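Only one structure is covered here, and it is reproduced in the block below.
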Amino acid sequence: MPVTLLKTPFNAAEVLQEFTKEASGAGAIVSFTGLVRATSTAGERITELHLQAYPPLTETSIERAVQKAQTLWTLDAVTVLHRIGDMVPDEAIVFVAAAAKHRRDAFEGVDYLMDYLKTEAIFWKKEAYADGAAWIEPRGQDYTDKARWAHTSSKLELS
Amino acid sequence: MVKLLFFGKLIDHVADMQMDMSLPQHVETTADLRLWLKTHHDQDEVFLDPSIRLAQNNAIIAEPAKISDKDEIAFLPPVGGG
């Protein structure tokens with residue numbers, strides 16, 4: 001399954017290039033790269049981000065979300081890369097790409113997976129600031145974003 | 001021996017992220033285990049927090065559930081990556 005947890009930095013442009021090669025024949029590729037923010041929600045300057053996972057549950061749960069996306073949309077290929085460990089602002093933390101025959105499936109597949117990653121994927125985030133550190137939980141907006149798909153799932157399950 | 005794992009903010013509430021121990025005889029369910037942890041950590045209520053889900057042998061479970069001395073039990077605070 002195309003789900004990878006990485007302890008070291010990755011180059012999103014290179015990953016996309018590789019994915020594009022593998023997805024040869026698809027009419028549309030959508031990719032999303034998430035970067036470590038330099039400022040916390042409360043406005044503090046972030047010096048370092050620590051991300052913890054619980055393998056293999058983290059990977060198997062993301063794989064299930066990928067399978068779910070593949071039942072909701074017609075996707076030729078999907079890849080999910082997620083950093084774990086310590087990283088600094090501006091480094092890529094997550095990369096999701098989907099290849100499909102047409103753009104809508106690829107756009108929505110990636111959007112859905114990102115909402116899953118932000119609210120349900122098994123990761124814990126700790127931000128370090130100049131004068132302390134804090135564990136971060138999903139924002140209300142992240143749950144609202146995830147809830148948008150409830151309608152999509154039930155509609156497709158009925159049809 | 002049961003293996004207990006603590007993640008996220010819980011690491012700040014325990015001495016070690018991993019605890020290997022023999023289950024006391026009266027600890028038969030996840031509810032017993034949560035209470036036992038509370039009493040052994042200065043009455044720290046965090047162990048009773050329902051937003052902390054449990055995984056038993058790498059699967060998230062509905063509680064309360066029976067536990068055995070061979071289990072790996074992970075305490076999972078609210079999650080979110082990206």
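Ordered as shown in the structure tokens, chains take letters A, B, and onward, while each chain numbers its residues from 1 and ligands are numbered from 1 in the order shown.
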
Next item on the list: Give me the residues within 10 Å of segment 137-151 of chain A as a VMD selection string, counting only C-alpha atoms and dropping any in the same chain fewer than 3 places off.
Entry: (chain A and resid 41 72 108 111 to 120 123 to 126 134 154 to 157) or (chain B and resid 8 to 9 77 to 82)

How close does each residue of chain B get to chain A, giving the shortest atom pair and distance in Å to one decimal for every residue with an atom at most 12 Å away, counting only C-alpha atoms, sorted by chain and residue number, as a tab-separated table?
residue	atom	partner	partner_atom	distance
B:Leu5	CA	A:Tyr54	CA	9.4
B:Phe6	CA	A:Tyr54	CA	9.9
B:Phe7	CA	A:Trp124	CA	7.4
B:Gly8	CA	A:Trp124	CA	5.1
B:Lys9	CA	A:Trp135	CA	5.9
B:Leu10	CA	A:Trp135	CA	9.7
B:Ile11	CA	A:Trp135	CA	10.3
B:Asp12	CA	A:Trp135	CA	9.9
B:Met17	CA	A:Gln52	CA	11.8
B:Ser51	CA	A:Glu137	CA	11.3
B:Ile52	CA	A:Glu137	CA	12.0
B:Arg53	CA	A:Ile122	CA	11.0
B:Leu54	CA	A:Leu57	CA	11.9
B:Ala55	CA	A:Leu57	CA	8.9
B:Gln56	CA	A:Leu57	CA	10.6
B:Asn57	CA	A:Leu57	CA	9.5
B:Asn58	CA	A:Leu57	CA	5.7
B:Ala59	CA	A:Leu57	CA	7.1
B:Ile60	CA	A:Leu57	CA	8.8
B:Ile73	CA	A:Tyr54	CA	11.7
B:Ala74	CA	A:Tyr54	CA	8.8
B:Phe75	CA	A:Tyr54	CA	10.3
B:Leu76	CA	A:Ile122	CA	8.2
B:Pro77	CA	A:Trp124	CA	8.1
B:Pro78	CA	A:Glu137	CA	6.3
B:Val79	CA	A:Phe123	CA	5.4
B:Gly80	CA	A:Thr119	CA	4.6
B:Gly81	CA	A:Lys118	CA	4.9
B:Gly82	CA	A:Lys118	CA	5.1

Item checked: Per-residue DSSP, chain B, filtered to alpha helix (DSSP H), as a PyMOL selection string -> chain B and resi 30-39

Can you write out the residues you just picked, keeping all heavy atoms, as a PDB file, in the first residue's frame?
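Result went into part.pdb, see below:
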ATOM      1  N   THR B  30     -10.866  -2.649  30.931  1.00  0.00           N
ATOM      2  CA  THR B  30     -10.215  -1.361  30.642  1.00  0.00           C
ATOM      3  C   THR B  30     -10.624  -0.316  31.679  1.00  0.00           C
ATOM      4  O   THR B  30      -9.819   0.550  32.034  1.00  0.00           O
ATOM      5  CB  THR B  30     -10.598  -0.866  29.236  1.00  0.00           C
ATOM      6  OG1 THR B  30     -12.022  -0.880  29.114  1.00  0.00           O
ATOM      7  CG2 THR B  30      -9.992  -1.750  28.161  1.00  0.00           C
ATOM      8  N   ALA B  31     -11.867  -0.417  32.188  1.00  0.00           N
ATOM      9  CA  ALA B  31     -12.320   0.544  33.204  1.00  0.00           C
ATOM     10  C   ALA B  31     -11.504   0.358  34.488  1.00  0.00           C
ATOM     11  O   ALA B  31     -11.078   1.341  35.109  1.00  0.00           O
ATOM     12  CB  ALA B  31     -13.812   0.361  33.480  1.00  0.00           C
ATOM     13  N   ASP B  32     -11.271  -0.919  34.880  1.00  0.00           N
ATOM     14  CA  ASP B  32     -10.439  -1.193  36.057  1.00  0.00           C
ATOM     15  C   ASP B  32      -9.032  -0.627  35.852  1.00  0.00           C
ATOM     16  O   ASP B  32      -8.437  -0.059  36.762  1.00  0.00           O
ATOM     17  CB  ASP B  32     -10.292  -2.708  36.294  1.00  0.00           C
ATOM     18  CG  ASP B  32     -11.620  -3.394  36.530  1.00  0.00           C
ATOM     19  OD1 ASP B  32     -12.565  -2.715  36.963  1.00  0.00           O
ATOM     20  OD2 ASP B  32     -11.704  -4.615  36.286  1.00  0.00           O
ATOM     21  N   LEU B  33      -8.515  -0.817  34.650  1.00  0.00           N
ATOM     22  CA  LEU B  33      -7.148  -0.385  34.357  1.00  0.00           C
ATOM     23  C   LEU B  33      -7.025   1.144  34.469  1.00  0.00           C
ATOM     24  O   LEU B  33      -6.078   1.668  35.049  1.00  0.00           O
ATOM     25  CB  LEU B  33      -6.744  -0.849  32.953  1.00  0.00           C
ATOM     26  CG  LEU B  33      -5.344  -0.451  32.488  1.00  0.00           C
ATOM     27  CD1 LEU B  33      -4.278  -1.068  33.396  1.00  0.00           C
ATOM     28  CD2 LEU B  33      -5.094  -0.885  31.044  1.00  0.00           C
ATOM     29  N   ARG B  34      -8.012   1.853  33.921  1.00  0.00           N
ATOM     30  CA  ARG B  34      -7.997   3.324  33.992  1.00  0.00           C
ATOM     31  C   ARG B  34      -7.994   3.781  35.461  1.00  0.00           C
ATOM     32  O   ARG B  34      -7.238   4.677  35.836  1.00  0.00           O
ATOM     33  CB  ARG B  34      -9.216   3.891  33.254  1.00  0.00           C
ATOM     34  CG  ARG B  34      -9.074   3.904  31.718  1.00  0.00           C
ATOM     35  CD  ARG B  34     -10.397   4.348  31.105  1.00  0.00           C
ATOM     36  NE  ARG B  34     -10.390   4.427  29.657  1.00  0.00           N
ATOM     37  CZ  ARG B  34     -10.118   5.555  28.965  1.00  0.00           C
ATOM     38  NH1 ARG B  34      -9.798   6.658  29.578  1.00  0.00           N
ATOM     39  NH2 ARG B  34     -10.173   5.550  27.639  1.00  0.00           N
ATOM     40  N   LEU B  35      -8.841   3.138  36.257  1.00  0.00           N
ATOM     41  CA  LEU B  35      -8.909   3.506  37.683  1.00  0.00           C
ATOM     42  C   LEU B  35      -7.603   3.185  38.401  1.00  0.00           C
ATOM     43  O   LEU B  35      -7.121   3.958  39.227  1.00  0.00           O
ATOM     44  CB  LEU B  35     -10.062   2.747  38.355  1.00  0.00           C
ATOM     45  CG  LEU B  35     -11.399   3.469  38.363  1.00  0.00           C
ATOM     46  CD1 LEU B  35     -12.474   2.573  38.968  1.00  0.00           C
ATOM     47  CD2 LEU B  35     -11.299   4.783  39.158  1.00  0.00           C
ATOM     48  N   TRP B  36      -7.045   2.033  38.070  1.00  0.00           N
ATOM     49  CA  TRP B  36      -5.782   1.610  38.690  1.00  0.00           C
ATOM     50  C   TRP B  36      -4.674   2.625  38.371  1.00  0.00           C
ATOM     51  O   TRP B  36      -3.918   3.027  39.250  1.00  0.00           O
ATOM     52  CB  TRP B  36      -5.397   0.211  38.190  1.00  0.00           C
ATOM     53  CG  TRP B  36      -4.178  -0.322  38.883  1.00  0.00           C
ATOM     54  CD1 TRP B  36      -4.140  -1.019  40.048  1.00  0.00           C
ATOM     55  CD2 TRP B  36      -2.817  -0.163  38.444  1.00  0.00           C
ATOM     56  NE1 TRP B  36      -2.840  -1.308  40.379  1.00  0.00           N
ATOM     57  CE2 TRP B  36      -1.998  -0.797  39.419  1.00  0.00           C
ATOM     58  CE3 TRP B  36      -2.207   0.448  37.353  1.00  0.00           C
ATOM     59  CZ2 TRP B  36      -0.610  -0.833  39.314  1.00  0.00           C
ATOM     60  CZ3 TRP B  36      -0.822   0.427  37.252  1.00  0.00           C
ATOM     61  CH2 TRP B  36      -0.039  -0.222  38.226  1.00  0.00           C
ATOM     62  N   LEU B  37      -4.629   3.079  37.110  1.00  0.00           N
ATOM     63  CA  LEU B  37      -3.614   4.063  36.716  1.00  0.00           C
ATOM     64  C   LEU B  37      -3.815   5.376  37.459  1.00  0.00           C
ATOM     65  O   LEU B  37      -2.864   6.003  37.907  1.00  0.00           O
ATOM     66  CB  LEU B  37      -3.662   4.294  35.198  1.00  0.00           C
ATOM     67  CG  LEU B  37      -3.051   3.174  34.364  1.00  0.00           C
ATOM     68  CD1 LEU B  37      -3.456   3.308  32.906  1.00  0.00           C
ATOM     69  CD2 LEU B  37      -1.523   3.174  34.483  1.00  0.00           C
ATOM     70  N   LYS B  38      -5.077   5.756  37.603  1.00  0.00           N
ATOM     71  CA  LYS B  38      -5.375   7.004  38.322  1.00  0.00           C
ATOM     72  C   LYS B  38      -4.852   6.914  39.759  1.00  0.00           C
ATOM     73  O   LYS B  38      -4.137   7.810  40.219  1.00  0.00           O
ATOM     74  CB  LYS B  38      -6.888   7.254  38.312  1.00  0.00           C
ATOM     75  CG  LYS B  38      -7.292   8.520  39.018  1.00  0.00           C
ATOM     76  CD  LYS B  38      -8.787   8.614  39.222  1.00  0.00           C
ATOM     77  CE  LYS B  38      -9.055   9.449  40.457  1.00  0.00           C
ATOM     78  NZ  LYS B  38     -10.469   9.557  40.779  1.00  0.00           N
ATOM     79  N   THR B  39      -5.173   5.811  40.453  1.00  0.00           N
ATOM     80  CA  THR B  39      -4.750   5.718  41.859  1.00  0.00           C
ATOM     81  C   THR B  39      -3.231   5.626  41.985  1.00  0.00           C
ATOM     82  O   THR B  39      -2.676   6.022  42.997  1.00  0.00           O
ATOM     83  CB  THR B  39      -5.395   4.515  42.578  1.00  0.00           C
ATOM     84  OG1 THR B  39      -5.403   3.432  41.678  1.00  0.00           O
ATOM     85  CG2 THR B  39      -6.795   4.806  43.028  1.00  0.00           C
TER      86      THR B  39
END

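A straight line drawn from atom CA of Gly132 of chain A to atom CA of Ser40 of chain A is 12.4 Å long.
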
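The coordinates place atom CA of Ser31 of chain A at 16.6 Å from atom CA of Ala65 of chain A.
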